[in-house]
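Each remark here refers to the structure printed beneath this line.
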Amino acid sequence: MNDGLPHVSGPPTLEDVARAAGVSRATVSRVINGIRNVDPAIQERVRQAIALTGYAPNQAARSLVTRRTGAIALIVSGAGSGEENPFPGQVFADPFFGRVAGGVVGHLRPLGVHPILMFADTLESRDQVIGYLRQGNADGAILVSISAEDTLPKLLADASLPAVLFARPVRPIPISYVDVAHRAGGKLAADHLVARGCRRLATISGPLDLPAAQDRLAGFQEAMAVHGHPYIPHAEGNFTFASGEAAMERLLAEHPDLDGVFAANDVMAQGAMVVLGQHGRRVPGDVAVVGFDDSSAALACRPPLTTVRHPVEDMAAEMARLLMVHIEQPDHPVTSKIFEPTLVVRESA
(Lines give C-alpha, C1' and ligand atoms only; values in the text may rest on other atoms or scores of the structure.)
Protein backbone atom coordinates (compact mmCIF):
# COMPACT_ATOMS: atom_id res chain seq x y z
CA MET A 1 0.00 0.00 0.00
CA ASN A 2 1.29 3.46 -0.86
CA ASP A 3 0.85 5.84 2.11
CA GLY A 4 2.26 8.82 0.20
CA LEU A 5 5.44 8.91 2.27
CA PRO A 6 8.95 8.31 0.97
CA HIS A 7 10.11 4.86 2.01
CA VAL A 8 13.39 5.13 3.89
CA SER A 9 15.45 2.73 5.89
CA GLY A 10 15.98 3.40 9.57
CA PRO A 11 13.77 5.30 12.02
CA PRO A 12 11.73 8.28 10.76
CA THR A 13 13.36 11.67 11.12
CA LEU A 14 12.25 15.23 11.73
CA GLU A 15 12.53 15.83 7.98
CA ASP A 16 10.13 12.94 7.28
CA VAL A 17 7.56 14.50 9.61
CA ALA A 18 8.02 17.92 7.98
CA ARG A 19 7.43 16.46 4.50
CA ALA A 20 4.33 14.56 5.68
CA ALA A 21 2.90 17.69 7.30
CA GLY A 22 3.89 20.04 4.48
CA VAL A 23 5.74 22.38 6.84
CA SER A 24 9.33 23.29 7.61
CA ARG A 25 11.62 21.31 9.87
CA ALA A 26 11.73 24.33 12.22
CA THR A 27 7.94 24.32 12.56
CA VAL A 28 7.94 20.64 13.48
CA SER A 29 10.63 21.33 16.07
CA ARG A 30 8.58 24.16 17.61
CA VAL A 31 5.51 21.93 17.90
CA ILE A 32 7.45 19.06 19.47
CA ASN A 33 9.12 21.39 21.96
CA GLY A 34 5.85 23.00 23.02
CA ILE A 35 6.62 26.50 21.72
CA ARG A 36 3.31 28.33 21.54
CA ASN A 37 3.61 30.59 18.48
CA VAL A 38 2.33 27.93 16.06
CA ASP A 39 -1.15 28.01 14.57
CA PRO A 40 -3.36 25.31 16.18
CA ALA A 41 -4.31 23.87 12.78
CA ILE A 42 -0.64 23.48 11.88
CA GLN A 43 0.04 21.90 15.28
CA GLU A 44 -2.65 19.32 14.55
CA ARG A 45 -1.16 18.57 11.11
CA VAL A 46 2.23 18.02 12.70
CA ARG A 47 0.77 15.69 15.35
CA GLN A 48 -0.98 13.67 12.66
CA ALA A 49 2.25 13.47 10.68
CA ILE A 50 4.10 12.28 13.79
CA ALA A 51 1.53 9.54 14.27
CA LEU A 52 1.63 8.61 10.58
CA THR A 53 5.40 8.39 10.38
CA GLY A 54 5.94 6.85 13.81
CA TYR A 55 8.49 9.52 14.66
CA ALA A 56 9.75 9.45 18.29
CA PRO A 57 11.48 12.64 19.49
CA ASN A 58 14.88 12.22 21.06
CA GLN A 59 14.16 12.91 24.72
CA ALA A 60 17.70 13.94 25.57
CA ALA A 61 17.83 16.47 22.76
CA ARG A 62 14.35 17.71 23.56
CA SER A 63 15.26 18.21 27.21
CA LEU A 64 18.10 20.53 26.20
CA VAL A 65 15.56 22.80 24.51
CA THR A 66 12.62 22.56 26.92
CA ARG A 67 14.58 22.18 30.17
CA ARG A 68 12.10 19.42 31.03
CA THR A 69 12.62 15.77 31.92
CA GLY A 70 9.29 14.39 30.71
CA ALA A 71 8.73 12.98 34.20
CA ILE A 72 6.77 14.05 37.27
CA ALA A 73 7.05 12.82 40.85
CA LEU A 74 4.00 11.06 42.32
CA ILE A 75 4.67 11.40 46.04
CA VAL A 76 2.88 9.62 48.87
CA SER A 77 3.84 11.45 52.02
CA GLY A 78 3.30 10.86 55.70
CA ALA A 79 6.43 12.47 57.16
CA GLY A 80 5.91 13.82 60.63
CA SER A 81 7.74 12.42 63.61
CA GLY A 82 10.51 10.79 61.61
CA GLU A 83 9.78 7.36 63.08
CA GLU A 84 10.07 4.33 60.82
CA ASN A 85 6.86 2.52 59.88
CA PRO A 86 5.68 -0.02 57.27
CA PHE A 87 4.50 2.85 55.09
CA PRO A 88 4.94 1.47 51.53
CA GLY A 89 3.13 -1.71 52.49
CA GLN A 90 0.19 0.27 53.84
CA VAL A 91 0.03 2.31 50.66
CA PHE A 92 -0.06 -0.68 48.32
CA ALA A 93 -2.69 -2.41 50.47
CA ASP A 94 -5.11 0.52 50.24
CA PRO A 95 -7.28 0.63 47.07
CA PHE A 96 -7.37 4.43 47.26
CA PHE A 97 -3.76 4.84 46.15
CA GLY A 98 -4.17 2.54 43.17
CA ARG A 99 -7.07 4.70 42.00
CA VAL A 100 -4.92 7.85 42.31
CA ALA A 101 -2.10 6.27 40.31
CA GLY A 102 -4.53 5.06 37.64
CA GLY A 103 -6.02 8.53 37.18
CA VAL A 104 -2.59 10.19 36.98
CA VAL A 105 -1.14 7.69 34.51
CA GLY A 106 -4.29 7.76 32.37
CA HIS A 107 -3.90 11.50 31.85
CA LEU A 108 -0.13 11.66 31.46
CA ARG A 109 0.52 8.66 29.21
CA PRO A 110 -0.86 10.26 26.00
CA LEU A 111 1.35 13.28 26.72
CA GLY A 112 4.50 11.16 26.90
CA VAL A 113 4.99 12.13 30.55
CA HIS A 114 5.87 9.45 33.09
CA PRO A 115 5.28 9.43 36.87
CA ILE A 116 8.04 8.45 39.28
CA LEU A 117 6.63 6.97 42.49
CA MET A 118 8.29 8.36 45.62
CA PHE A 119 7.63 7.86 49.33
CA ALA A 120 8.20 10.51 51.97
CA ASP A 121 7.44 8.57 55.15
CA THR A 122 10.36 9.84 57.23
CA LEU A 123 12.08 13.19 57.63
CA GLU A 124 15.10 11.82 55.76
CA SER A 125 13.04 10.64 52.78
CA ARG A 126 11.17 13.94 52.73
CA ASP A 127 14.46 15.81 52.40
CA GLN A 128 15.50 13.41 49.62
CA VAL A 129 12.29 14.21 47.71
CA ILE A 130 12.88 17.96 47.97
CA GLY A 131 16.49 17.54 46.83
CA TYR A 132 15.42 15.35 43.91
CA LEU A 133 12.99 17.99 42.69
CA ARG A 134 15.35 20.92 43.28
CA GLN A 135 17.98 19.17 41.14
CA GLY A 136 15.53 19.08 38.23
CA ASN A 137 15.11 15.31 38.09
CA ALA A 138 11.35 15.75 37.64
CA ASP A 139 9.34 18.66 36.27
CA GLY A 140 6.87 18.84 39.15
CA ALA A 141 5.07 16.86 41.80
CA ILE A 142 1.67 15.39 42.58
CA LEU A 143 1.42 14.93 46.32
CA VAL A 144 -0.86 12.69 48.36
CA SER A 145 -0.32 13.58 52.01
CA ILE A 146 -1.85 11.39 54.73
CA SER A 147 -0.54 13.10 57.86
CA ALA A 148 -1.82 16.28 59.45
CA GLU A 149 1.73 17.04 60.61
CA ASP A 150 3.27 16.61 57.16
CA THR A 151 5.48 19.59 56.30
CA LEU A 152 6.15 18.55 52.70
CA PRO A 153 3.29 20.59 51.13
CA LYS A 154 4.66 23.78 52.69
CA LEU A 155 8.23 22.93 51.67
CA LEU A 156 7.13 22.49 48.06
CA ALA A 157 5.26 25.81 48.16
CA ASP A 158 8.19 27.63 49.80
CA ALA A 159 10.55 26.27 47.13
CA SER A 160 8.18 27.48 44.35
CA LEU A 161 8.24 23.99 42.81
CA PRO A 162 5.33 23.09 40.49
CA ALA A 163 3.09 20.93 42.65
CA VAL A 164 -0.54 19.91 43.14
CA LEU A 165 -1.91 18.41 46.36
CA PHE A 166 -4.63 15.80 46.72
CA ALA A 167 -7.13 17.28 49.24
CA ARG A 168 -7.25 20.64 50.96
CA PRO A 169 -4.12 21.28 53.06
CA VAL A 170 -4.49 21.20 56.82
CA ARG A 171 -3.18 24.76 57.07
CA PRO A 172 -3.59 27.49 54.42
CA ILE A 173 -0.55 27.48 52.12
CA PRO A 174 -0.11 28.67 48.51
CA ILE A 175 -0.36 25.30 46.76
CA SER A 176 -2.90 24.13 44.19
CA TYR A 177 -5.15 21.27 45.24
CA VAL A 178 -8.02 19.07 44.11
CA ASP A 179 -10.64 17.83 46.54
CA VAL A 180 -14.20 16.53 46.90
CA ALA A 181 -17.04 18.26 48.78
CA HIS A 182 -16.76 16.06 51.88
CA ARG A 183 -19.55 17.77 53.83
CA ALA A 184 -21.93 17.21 50.94
CA GLY A 185 -20.94 13.54 50.98
CA GLY A 186 -21.73 13.24 54.69
CA LYS A 187 -25.12 14.82 54.03
CA LEU A 188 -25.86 12.30 51.26
CA ALA A 189 -25.19 9.45 53.69
CA ALA A 190 -27.40 10.98 56.40
CA ASP A 191 -30.29 11.71 54.06
CA HIS A 192 -30.22 8.17 52.67
CA LEU A 193 -30.14 6.45 56.07
CA VAL A 194 -32.98 8.60 57.39
CA ALA A 195 -35.01 7.95 54.23
CA ARG A 196 -34.59 4.22 54.89
CA GLY A 197 -36.19 4.68 58.29
CA CYS A 198 -33.06 4.53 60.46
CA ARG A 199 -33.52 6.40 63.76
CA ARG A 200 -30.68 5.25 66.01
CA LEU A 201 -27.59 6.12 64.04
CA ALA A 202 -23.87 6.26 64.72
CA THR A 203 -20.83 7.12 62.65
CA ILE A 204 -17.21 6.02 62.36
CA SER A 205 -15.03 8.99 61.47
CA GLY A 206 -11.56 9.14 60.03
CA PRO A 207 -8.67 10.68 62.03
CA LEU A 208 -10.01 14.05 63.12
CA ASP A 209 -6.75 15.91 62.59
CA LEU A 210 -7.43 15.66 58.83
CA PRO A 211 -9.80 18.15 57.14
CA ALA A 212 -11.47 15.41 55.06
CA ALA A 213 -12.41 13.43 58.17
CA GLN A 214 -13.60 16.55 59.98
CA ASP A 215 -15.79 17.59 57.04
CA ARG A 216 -17.34 14.15 56.48
CA LEU A 217 -18.28 13.97 60.16
CA ALA A 218 -19.59 17.55 60.25
CA GLY A 219 -21.64 17.06 57.10
CA PHE A 220 -23.25 13.94 58.53
CA GLN A 221 -23.93 15.51 61.93
CA GLU A 222 -25.34 18.73 60.47
CA ALA A 223 -27.69 16.85 58.16
CA MET A 224 -28.84 14.62 61.00
CA ALA A 225 -29.59 17.71 63.11
CA VAL A 226 -31.79 19.00 60.28
CA HIS A 227 -33.62 15.66 60.42
CA GLY A 228 -34.21 16.13 64.17
CA HIS A 229 -31.28 14.11 65.53
CA PRO A 230 -29.00 16.62 67.30
CA TYR A 231 -26.68 14.01 68.84
CA ILE A 232 -25.00 11.27 66.82
CA PRO A 233 -22.58 8.92 68.63
CA HIS A 234 -19.28 8.49 66.85
CA ALA A 235 -16.05 6.57 67.18
CA GLU A 236 -12.80 7.65 65.54
CA GLY A 237 -10.87 5.36 63.21
CA ASN A 238 -7.86 5.86 60.96
CA PHE A 239 -9.25 4.67 57.59
CA THR A 240 -8.03 1.07 58.08
CA PHE A 241 -9.98 -2.19 58.27
CA ALA A 242 -8.82 -2.88 61.84
CA SER A 243 -9.84 0.58 63.01
CA GLY A 244 -13.30 0.04 61.52
CA GLU A 245 -13.60 -3.19 63.49
CA ALA A 246 -12.47 -1.55 66.74
CA ALA A 247 -14.77 1.45 66.27
CA MET A 248 -17.77 -0.79 65.60
CA GLU A 249 -17.05 -2.81 68.72
CA ARG A 250 -17.04 0.39 70.81
CA LEU A 251 -20.25 1.69 69.27
CA LEU A 252 -22.10 -1.60 69.78
CA ALA A 253 -20.95 -1.78 73.40
CA GLU A 254 -22.27 1.72 74.09
CA HIS A 255 -25.30 1.72 71.77
CA PRO A 256 -26.45 -1.88 71.22
CA ASP A 257 -29.75 -0.80 69.66
CA LEU A 258 -28.27 1.23 66.79
CA ASP A 259 -29.86 0.64 63.39
CA GLY A 260 -27.68 2.67 61.02
CA VAL A 261 -23.96 3.39 60.60
CA PHE A 262 -22.05 5.79 58.37
CA ALA A 263 -18.35 4.94 58.05
CA ALA A 264 -16.07 7.62 56.64
CA ASN A 265 -14.45 5.23 54.16
CA ASP A 266 -15.28 1.86 52.60
CA VAL A 267 -12.42 -0.02 54.26
CA MET A 268 -13.64 0.95 57.74
CA ALA A 269 -17.21 0.10 56.70
CA GLN A 270 -15.97 -3.33 55.63
CA GLY A 271 -14.42 -3.88 59.07
CA ALA A 272 -17.60 -2.64 60.75
CA MET A 273 -19.74 -5.09 58.78
CA VAL A 274 -17.56 -8.01 59.86
CA VAL A 275 -18.08 -7.06 63.51
CA LEU A 276 -21.82 -6.63 63.02
CA GLY A 277 -21.96 -10.15 61.61
CA GLN A 278 -19.97 -11.52 64.55
CA HIS A 279 -22.56 -9.99 66.89
CA GLY A 280 -25.45 -11.53 64.97
CA ARG A 281 -26.58 -8.23 63.45
CA ARG A 282 -27.85 -8.56 59.89
CA VAL A 283 -26.96 -5.95 57.26
CA PRO A 284 -29.19 -4.25 56.23
CA GLY A 285 -32.04 -5.99 58.11
CA ASP A 286 -30.84 -4.95 61.59
CA VAL A 287 -28.27 -2.28 60.77
CA ALA A 288 -27.95 -0.33 57.52
CA VAL A 289 -24.36 0.64 56.61
CA VAL A 290 -23.09 3.38 54.29
CA GLY A 291 -19.43 3.95 53.41
CA PHE A 292 -17.47 6.62 51.57
CA ASP A 293 -15.21 6.28 48.48
CA ASP A 294 -16.86 3.71 46.17
CA SER A 295 -13.63 1.74 46.11
CA SER A 296 -13.04 -1.96 45.41
CA ALA A 297 -13.65 -2.56 49.13
CA ALA A 298 -17.30 -1.57 48.63
CA LEU A 299 -17.79 -4.39 46.14
CA ALA A 300 -15.90 -6.84 48.35
CA CYS A 301 -18.37 -6.31 51.21
CA ARG A 302 -21.15 -8.84 51.76
CA PRO A 303 -23.68 -7.53 51.06
CA PRO A 304 -22.19 -4.99 48.61
CA LEU A 305 -21.80 -1.60 50.23
CA THR A 306 -23.91 1.50 49.63
CA THR A 307 -21.37 4.30 49.54
CA VAL A 308 -20.69 7.94 48.73
CA ARG A 309 -18.68 8.01 45.52
CA HIS A 310 -15.37 9.82 45.82
CA PRO A 311 -14.38 10.37 42.15
CA VAL A 312 -10.71 9.65 42.82
CA GLU A 313 -9.71 8.76 39.25
CA ASP A 314 -11.23 11.97 37.86
CA MET A 315 -9.65 14.01 40.63
CA ALA A 316 -6.23 12.45 40.00
CA ALA A 317 -6.51 13.17 36.28
CA GLU A 318 -7.38 16.78 37.11
CA MET A 319 -4.32 16.98 39.37
CA ALA A 320 -2.14 15.80 36.47
CA ARG A 321 -3.76 18.30 34.10
CA LEU A 322 -3.33 21.16 36.55
CA LEU A 323 0.28 20.22 37.24
CA MET A 324 1.08 20.33 33.52
CA VAL A 325 -0.44 23.83 33.42
CA HIS A 326 1.85 24.92 36.27
CA ILE A 327 4.86 23.37 34.52
CA GLU A 328 4.10 25.07 31.21
CA GLN A 329 3.03 28.37 32.80
CA PRO A 330 5.20 29.03 35.88
CA ASP A 331 3.22 32.20 36.70
CA HIS A 332 -0.14 30.41 36.71
CA PRO A 333 -1.97 31.29 39.94
CA VAL A 334 -2.60 28.77 42.70
CA THR A 335 -5.86 26.97 41.91
CA SER A 336 -8.35 24.64 43.56
CA LYS A 337 -10.92 22.29 42.02
CA ILE A 338 -13.70 20.76 44.12
CA PHE A 339 -15.64 17.74 42.82
CA GLU A 340 -19.18 16.84 43.87
CA PRO A 341 -19.84 13.43 45.45
CA THR A 342 -22.72 11.13 44.49
CA LEU A 343 -24.47 8.28 46.31
CA VAL A 344 -24.10 4.75 44.94
CA VAL A 345 -26.92 2.61 46.35
CA ARG A 346 -26.24 -1.11 46.81
CA GLU A 347 -27.58 -3.73 49.20
CA SER A 348 -26.12 -2.67 52.56
CA ALA A 349 -28.47 0.31 52.94
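To be explicit about the labels: the chains of the C-alpha coordinates are called A, B, and onward in the order shown, and within each one the residues are counted from 1, while ligands get numbers from 1 in the order they are shown.
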### Query
So which residues of region 229-344 of chain A fall under helix (DSSP H, G or I) by DSSP, listed as a PyMOL selection string?
chain A and resi 241-254+266-278+296-300+312-328
### Query
Which one is closest to Asp294 (chain A): A:Phe96, A:Gln135, A:Lys154, A:Phe166? Count only C-alpha atoms.
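For Asp294 (chain A), the nearest of the candidates is A:Phe96.
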#### Entry: Residue contacts of Glu44 (chain A) (12 Å, only C-alpha atoms) excluding same-chain residues fewer than 2 positions away, as a ChimeraX atom specification
/A:21,23,27-28,31-32,38-42,46-51
### Query
Hey, which of A:Val170, A:Leu14, A:Leu322, A:Ala71 ends up closest to Tyr55 (chain A)? Count only C-alpha atoms.
A:Leu14
